[in-house]
Amino acid sequence: MSQASQSKPGQGGRGRGAPVYGRGPPGAAANARPKRPRREPEEEVWVPKTILGQKVASGEISSLEEIIESGLRIQESGIIKKLLPDLKSEVVDVGIIQKMTSNGQSTRFKAIVAAGNENGYLGIGQGKSKQMRIAIEKATSQAFLNVNPIKMGCGSWECRCTQKHSVPFKVKGKGGSVTIEIIPGPRGLGLVAGGKIKRLLELAGLKDAWTTAKGSTPTMNSTSKAILDCLRQTFSQG
């Protein structure tokens, strides 16, 4: 066989060189195309659509307590974000809802989100959609609309301090089949509660308390409603 008929390395045939995997030999990355910078999500500018929203945006109303005492209804989540800028949201539970219809099996997602600032405010919302992202967005918006102030204090006879680290008195709330009772605890005790219940109380701002729960507590829909019912009573009864 003549030398001209032999295939050169890298051009096919039996004499081709070993294939190169990955991004190529060292030094080739310097001439590669530069990476596109990551695009940060733009924050939407809130435009009030209700009379209450316009009053909040103009500064006539500066606290959530004024809205609750006036008996006004909050219909925009932007009102809460304006009054409580330090509010943060957290996904509590997600699930799948399957239903048999005439067209076949229908699948939807369900999400429960809690919004709190760990300083006396908590709200819980639920959202459903065919997409998980949209379900979480709906639940987050609903959680902002359900934010309620919580009256904190020290109702424990063992402590009797003036710091706001627990509930001022014993409260009991109910949601579905779940009944939860929150008892004031002395400073330094911590939160005696289960995992998700403890996290919801932390978002509300409680640091020391005893809790008792009865019913189907793994059902977070009922459990979250019972906790919110408990904490609402601290403001309404106090």
# chains A, B, ... in the order shown; residues from 1 in each chain; ligands from 1

$ residues_around --residues "A:Glu66" --least-positions-apart "5" --cutoff "12 Å" --atoms "only C-alpha atoms" --output "ChimeraX atom specification"
/A:52,55-56,60-61,71-74,83,148-149

$ write_last_selection --atoms "all heavy atoms" --output "compact mmCIF listing (two decimals), in the first residue's frame"
# COMPACT_ATOMS: atom_id res chain seq x y z
N LEU A 52 -58.01 50.94 49.37
CA LEU A 52 -57.13 50.64 50.49
C LEU A 52 -55.67 50.61 50.03
O LEU A 52 -54.78 51.11 50.73
CB LEU A 52 -57.52 49.30 51.11
CG LEU A 52 -56.65 48.81 52.27
CD1 LEU A 52 -56.68 49.82 53.42
CD2 LEU A 52 -57.11 47.44 52.74
N LYS A 55 -54.36 54.12 49.67
CA LYS A 55 -54.08 54.77 50.95
C LYS A 55 -52.76 54.26 51.54
O LYS A 55 -52.01 55.04 52.13
CB LYS A 55 -55.23 54.51 51.93
CG LYS A 55 -56.52 55.24 51.58
CD LYS A 55 -57.58 54.98 52.63
CE LYS A 55 -58.87 55.74 52.31
NZ LYS A 55 -59.93 55.50 53.34
N VAL A 56 -52.50 52.97 51.38
CA VAL A 56 -51.24 52.41 51.88
C VAL A 56 -50.07 52.95 51.09
O VAL A 56 -49.02 53.30 51.64
CB VAL A 56 -51.29 50.88 51.84
CG1 VAL A 56 -49.92 50.28 52.17
CG2 VAL A 56 -52.34 50.34 52.80
N GLU A 60 -51.16 57.06 54.06
CA GLU A 60 -52.25 57.35 55.00
C GLU A 60 -52.40 56.24 56.04
O GLU A 60 -52.73 56.50 57.19
CB GLU A 60 -53.56 57.53 54.24
CG GLU A 60 -53.59 58.76 53.34
CD GLU A 60 -54.96 58.92 52.68
OE1 GLU A 60 -55.97 58.62 53.35
OE2 GLU A 60 -55.01 59.35 51.51
N ILE A 61 -52.15 55.00 55.63
CA ILE A 61 -52.20 53.85 56.54
C ILE A 61 -50.80 53.27 56.59
O ILE A 61 -50.22 52.92 55.56
CB ILE A 61 -53.22 52.80 56.06
CG1 ILE A 61 -54.63 53.40 56.04
CG2 ILE A 61 -53.17 51.57 56.95
CD1 ILE A 61 -55.69 52.45 55.53
N GLY A 71 -61.71 47.14 60.13
CA GLY A 71 -62.57 46.14 59.52
C GLY A 71 -62.50 46.12 58.01
O GLY A 71 -63.43 45.61 57.37
N LEU A 72 -61.41 46.62 57.43
CA LEU A 72 -61.26 46.64 55.98
C LEU A 72 -60.73 45.30 55.48
O LEU A 72 -60.03 44.59 56.19
CB LEU A 72 -60.32 47.78 55.57
CG LEU A 72 -60.76 49.18 55.97
CD1 LEU A 72 -59.69 50.21 55.61
CD2 LEU A 72 -62.09 49.54 55.32
N ARG A 73 -61.06 45.01 54.23
CA ARG A 73 -60.64 43.75 53.63
C ARG A 73 -59.44 43.98 52.72
O ARG A 73 -59.47 44.87 51.87
CB ARG A 73 -61.80 43.14 52.84
CG ARG A 73 -61.47 41.79 52.21
CD ARG A 73 -62.64 41.29 51.38
NE ARG A 73 -62.32 40.05 50.72
CZ ARG A 73 -63.11 39.43 49.85
NH1 ARG A 73 -64.30 39.97 49.55
NH2 ARG A 73 -62.75 38.30 49.28
N ILE A 74 -58.41 43.17 52.91
CA ILE A 74 -57.20 43.27 52.09
C ILE A 74 -57.37 42.38 50.87
O ILE A 74 -57.57 41.17 50.99
CB ILE A 74 -55.96 42.86 52.90
CG1 ILE A 74 -55.81 43.75 54.13
CG2 ILE A 74 -54.71 42.93 52.04
CD1 ILE A 74 -54.68 43.34 55.04
N LEU A 83 -46.36 47.14 53.78
CA LEU A 83 -46.36 47.39 55.22
C LEU A 83 -45.33 46.54 55.95
O LEU A 83 -44.79 46.97 56.97
CB LEU A 83 -47.76 47.11 55.79
CG LEU A 83 -48.90 48.00 55.26
CD1 LEU A 83 -50.23 47.54 55.84
CD2 LEU A 83 -48.65 49.46 55.59
N ASN A 148 -51.69 37.81 59.73
CA ASN A 148 -52.35 38.37 60.90
C ASN A 148 -51.31 38.74 61.96
O ASN A 148 -50.30 38.04 62.09
CB ASN A 148 -53.33 37.36 61.51
CG ASN A 148 -54.64 37.31 60.75
OD1 ASN A 148 -55.58 38.03 61.05
ND2 ASN A 148 -54.70 36.43 59.75
N PRO A 149 -51.55 39.81 62.70
CA PRO A 149 -50.63 40.13 63.80
C PRO A 149 -50.84 39.19 64.98
O PRO A 149 -51.94 38.69 65.21
CB PRO A 149 -51.02 41.57 64.16
CG PRO A 149 -52.44 41.69 63.74
CD PRO A 149 -52.61 40.81 62.54

$ residues_around --residues "A:Met132" --least-positions-apart "6" --cutoff "8 Å" --atoms "only C-alpha atoms" --output "VMD selection string"
chain A and resid 109 to 111

$ write_last_selection --atoms "all heavy atoms" --output "CSV table (one decimal), in the first residue's frame"
chain,number,residue,atom,x,y,z
A,109,PHE,N,-51.6,19.8,41.3
A,109,PHE,CA,-50.6,20.0,42.4
A,109,PHE,C,-51.2,20.9,43.4
A,109,PHE,O,-51.9,21.9,43.1
A,109,PHE,CB,-49.3,20.5,41.9
A,109,PHE,CG,-48.5,19.6,41.0
A,109,PHE,CD1,-48.6,19.7,39.6
A,109,PHE,CD2,-47.8,18.6,41.5
A,109,PHE,CE1,-47.9,18.9,38.8
A,109,PHE,CE2,-47.1,17.7,40.7
A,109,PHE,CZ,-47.2,17.9,39.3
A,110,LYS,N,-50.9,20.6,44.7
A,110,LYS,CA,-51.4,21.4,45.8
A,110,LYS,C,-50.2,21.9,46.6
A,110,LYS,O,-49.3,21.1,46.9
A,110,LYS,CB,-52.3,20.6,46.7
A,110,LYS,CG,-52.8,21.4,47.9
A,110,LYS,CD,-53.8,20.5,48.7
A,110,LYS,CE,-53.0,19.3,49.4
A,110,LYS,NZ,-53.9,18.5,50.3
A,111,ALA,N,-50.1,23.1,47.0
A,111,ALA,CA,-49.0,23.7,47.8
A,111,ALA,C,-49.6,24.5,49.0
A,111,ALA,O,-50.6,25.2,48.8
A,111,ALA,CB,-48.1,24.5,46.9

$ residues_around --residues "stretch 45-51 of chain A" --least-positions-apart "3" --cutoff "8 Å" --atoms "only C-alpha atoms" --output "ChimeraX atom specification"
/A:54-55,57,75-76,78

$ write_last_selection --atoms "N, CA and C atoms" --output "compact mmCIF listing (two decimals), in the first residue's frame"
# COMPACT_ATOMS: atom_id res chain seq x y z
N GLN A 54 -54.35 52.28 47.58
CA GLN A 54 -53.92 53.65 47.31
C GLN A 54 -53.60 54.39 48.61
N LYS A 55 -54.36 54.12 49.67
CA LYS A 55 -54.08 54.77 50.95
C LYS A 55 -52.76 54.26 51.54
N ALA A 57 -50.23 53.03 49.77
CA ALA A 57 -49.13 53.52 48.94
C ALA A 57 -48.83 54.99 49.21
N GLN A 75 -57.30 42.98 49.68
CA GLN A 75 -57.48 42.24 48.43
C GLN A 75 -56.23 42.24 47.56
N GLU A 76 -55.16 42.85 48.03
CA GLU A 76 -53.92 42.91 47.26
C GLU A 76 -52.76 42.48 48.15
N GLY A 78 -49.76 43.16 47.54
CA GLY A 78 -48.81 44.26 47.58
C GLY A 78 -48.97 45.15 48.80

$ residues_around --residues "A:Gly188" --least-positions-apart "5" --cutoff "10 Å" --atoms "only C-alpha atoms" --output "number ranges by chain"
A: 159, 165, 207-209

$ closest_residue --among "A:Gly123, A:Gly116, A:Gly95, A:Gly215" --to "A:Gly176" --atoms "only C-alpha atoms"
A:Gly215

$ select_by_dssp --residues "stretch 2-220 of chain A" --states "strand (DSSP E)" --output "ChimeraX atom specification"
/A:88-101,104-116,121-129,148-149,171-175,178-184,191-192,209-214

$ residues_around --residues "A:Met220" --least-positions-apart "2" --cutoff "8 Å" --atoms "only C-alpha atoms" --output "list in words"
Val92, Asp93, Ile112, Thr217, Pro218, Ser222, Thr223 and Ser224 of chain A

$ select_by_dssp --residues "stretch 29-127 of chain A" --states "helix (DSSP H, G or I)" --output "PyMOL selection string"
chain A and resi 29-31+51-58+64-70+77-83

$ write_last_selection --atoms "C-alpha atoms" --output "short mmCIF file (atom, residue, chain, number, x, y, z; two decimals), in the first residue's frame"
data_model
loop_
_atom_site.label_atom_id
_atom_site.label_comp_id
_atom_site.auth_asym_id
_atom_site.auth_seq_id
_atom_site.Cartn_x
_atom_site.Cartn_y
_atom_site.Cartn_z
CA ALA A 29 -11.28 27.20 26.60
CA ALA A 30 -9.50 30.54 26.31
CA ASN A 31 -10.75 30.95 22.72
CA ILE A 51 -58.85 52.34 47.56
CA LEU A 52 -57.13 50.64 50.49
CA GLY A 53 -54.06 50.00 48.36
CA GLN A 54 -53.92 53.65 47.31
CA LYS A 55 -54.08 54.77 50.95
CA VAL A 56 -51.24 52.41 51.88
CA ALA A 57 -49.13 53.52 48.94
CA SER A 58 -49.67 57.21 49.80
CA LEU A 64 -51.59 46.33 59.51
CA GLU A 65 -53.30 46.82 62.86
CA GLU A 66 -55.05 49.96 61.54
CA ILE A 67 -56.55 47.94 58.70
CA ILE A 68 -57.78 45.16 61.01
CA GLU A 69 -59.26 47.57 63.57
CA SER A 70 -61.10 49.41 60.77
CA SER A 77 -50.78 41.12 48.41
CA GLY A 78 -48.81 44.26 47.58
CA ILE A 79 -50.37 45.96 50.61
CA ILE A 80 -48.76 43.44 52.95
CA LYS A 81 -45.43 43.64 51.13
CA LYS A 82 -45.53 47.42 51.50
CA LEU A 83 -46.36 47.39 55.22
#

$ residues_around --residues "stretch 180-184 of chain A" --least-positions-apart "5" --cutoff "7 Å" --atoms "only C-alpha atoms" --output "PyMOL selection string"
chain A and resi 154-156+166-174+209-214+226-227

$ write_last_selection --atoms "C-alpha atoms" --output "PDB file, in the first residue's frame"
ATOM      1  CA  CYS A 154     -44.633  36.107  78.707  1.00  0.00           C
ATOM      2  CA  GLY A 155     -47.601  34.283  80.210  1.00  0.00           C
ATOM      3  CA  SER A 156     -45.578  31.658  82.086  1.00  0.00           C
ATOM      4  CA  SER A 166     -43.988  33.419  74.103  1.00  0.00           C
ATOM      5  CA  VAL A 167     -47.774  33.762  74.036  1.00  0.00           C
ATOM      6  CA  PRO A 168     -49.385  35.917  76.769  1.00  0.00           C
ATOM      7  CA  PHE A 169     -51.876  33.203  77.759  1.00  0.00           C
ATOM      8  CA  LYS A 170     -52.946  29.694  76.824  1.00  0.00           C
ATOM      9  CA  VAL A 171     -54.715  29.496  73.454  1.00  0.00           C
ATOM     10  CA  LYS A 172     -56.515  26.669  71.699  1.00  0.00           C
ATOM     11  CA  GLY A 173     -57.336  26.426  67.998  1.00  0.00           C
ATOM     12  CA  LYS A 174     -59.091  23.983  65.711  1.00  0.00           C
ATOM     13  CA  ALA A 209     -43.830  27.353  74.370  1.00  0.00           C
ATOM     14  CA  TRP A 210     -45.389  23.970  75.040  1.00  0.00           C
ATOM     15  CA  THR A 211     -47.783  22.527  72.474  1.00  0.00           C
ATOM     16  CA  THR A 212     -50.275  19.669  72.455  1.00  0.00           C
ATOM     17  CA  ALA A 213     -51.894  18.375  69.269  1.00  0.00           C
ATOM     18  CA  LYS A 214     -54.782  15.978  68.707  1.00  0.00           C
ATOM     19  CA  ALA A 226     -55.370  25.119  63.662  1.00  0.00           C
ATOM     20  CA  ILE A 227     -52.089  26.956  64.318  1.00  0.00           C
TER      21      ILE A 227
END

$ atom_distance --atom1 "atom CA of A:Ser63" --atom2 "atom CA of A:Asp229"
21.3 Å

$ closest_residue --among "A:Ile134, A:Ser89, A:Tyr121, A:Ile150" --to "A:Arg108" --atoms "only C-alpha atoms"
A:Ile134

$ closest_residue --among "A:Ser62, A:Ser216, A:Gln98, A:Gln131" --to "A:Ser177" --atoms "only C-alpha atoms"
A:Ser216

$ atom_distance --atom1 "atom CA of A:Ala204" --atom2 "atom CA of A:Val91"
14.6 Å

$ atom_distance --atom1 "atom CA of A:Leu122" --atom2 "atom CA of A:Lys196"
14.2 Å

$ residues_around --residues "A:Glu202" --least-positions-apart "3" --cutoff "9 Å" --atoms "only C-alpha atoms" --output "mmCIF file with N, CA and C atoms, in the first residue's frame"
data_model
loop_
_atom_site.group_PDB
_atom_site.id
_atom_site.type_symbol
_atom_site.label_atom_id
_atom_site.label_comp_id
_atom_site.auth_asym_id
_atom_site.auth_seq_id
_atom_site.Cartn_x
_atom_site.Cartn_y
_atom_site.Cartn_z
ATOM 1 N N GLY A 116 -44.109 34.765 57.102
ATOM 2 C CA GLY A 116 -43.921 35.371 58.419
ATOM 3 C C GLY A 116 -42.614 36.136 58.477
ATOM 4 N N GLU A 118 -40.973 36.345 61.618
ATOM 5 C CA GLU A 118 -40.350 35.897 62.870
ATOM 6 C C GLU A 118 -40.380 36.986 63.936
ATOM 7 N N ASN A 119 -41.394 37.857 63.844
ATOM 8 C CA ASN A 119 -41.501 38.944 64.821
ATOM 9 C C ASN A 119 -42.955 39.367 65.014
ATOM 10 N N LEU A 191 -39.104 25.601 71.819
ATOM 11 C CA LEU A 191 -40.421 25.209 71.317
ATOM 12 C C LEU A 191 -40.556 23.694 71.400
ATOM 13 N N ILE A 197 -44.797 21.944 62.753
ATOM 14 C CA ILE A 197 -45.480 22.839 63.693
ATOM 15 C C ILE A 197 -44.474 23.793 64.324
ATOM 16 N N LYS A 198 -43.321 23.275 64.651
ATOM 17 C CA LYS A 198 -42.271 24.102 65.246
ATOM 18 C C LYS A 198 -41.811 25.181 64.276
ATOM 19 N N ARG A 199 -41.686 24.824 62.992
ATOM 20 C CA ARG A 199 -41.247 25.813 62.005
ATOM 21 C C ARG A 199 -42.276 26.917 61.825
ATOM 22 N N GLY A 205 -42.613 33.955 65.321
ATOM 23 C CA GLY A 205 -41.791 34.712 66.257
ATOM 24 C C GLY A 205 -41.733 34.129 67.651
ATOM 25 N N LEU A 206 -42.423 33.018 67.900
ATOM 26 C CA LEU A 206 -42.392 32.398 69.225
ATOM 27 C C LEU A 206 -41.055 31.696 69.448
ATOM 28 N N LYS A 207 -40.554 31.780 70.670
ATOM 29 C CA LYS A 207 -39.277 31.152 71.023
ATOM 30 C C LYS A 207 -39.423 30.090 72.105
#
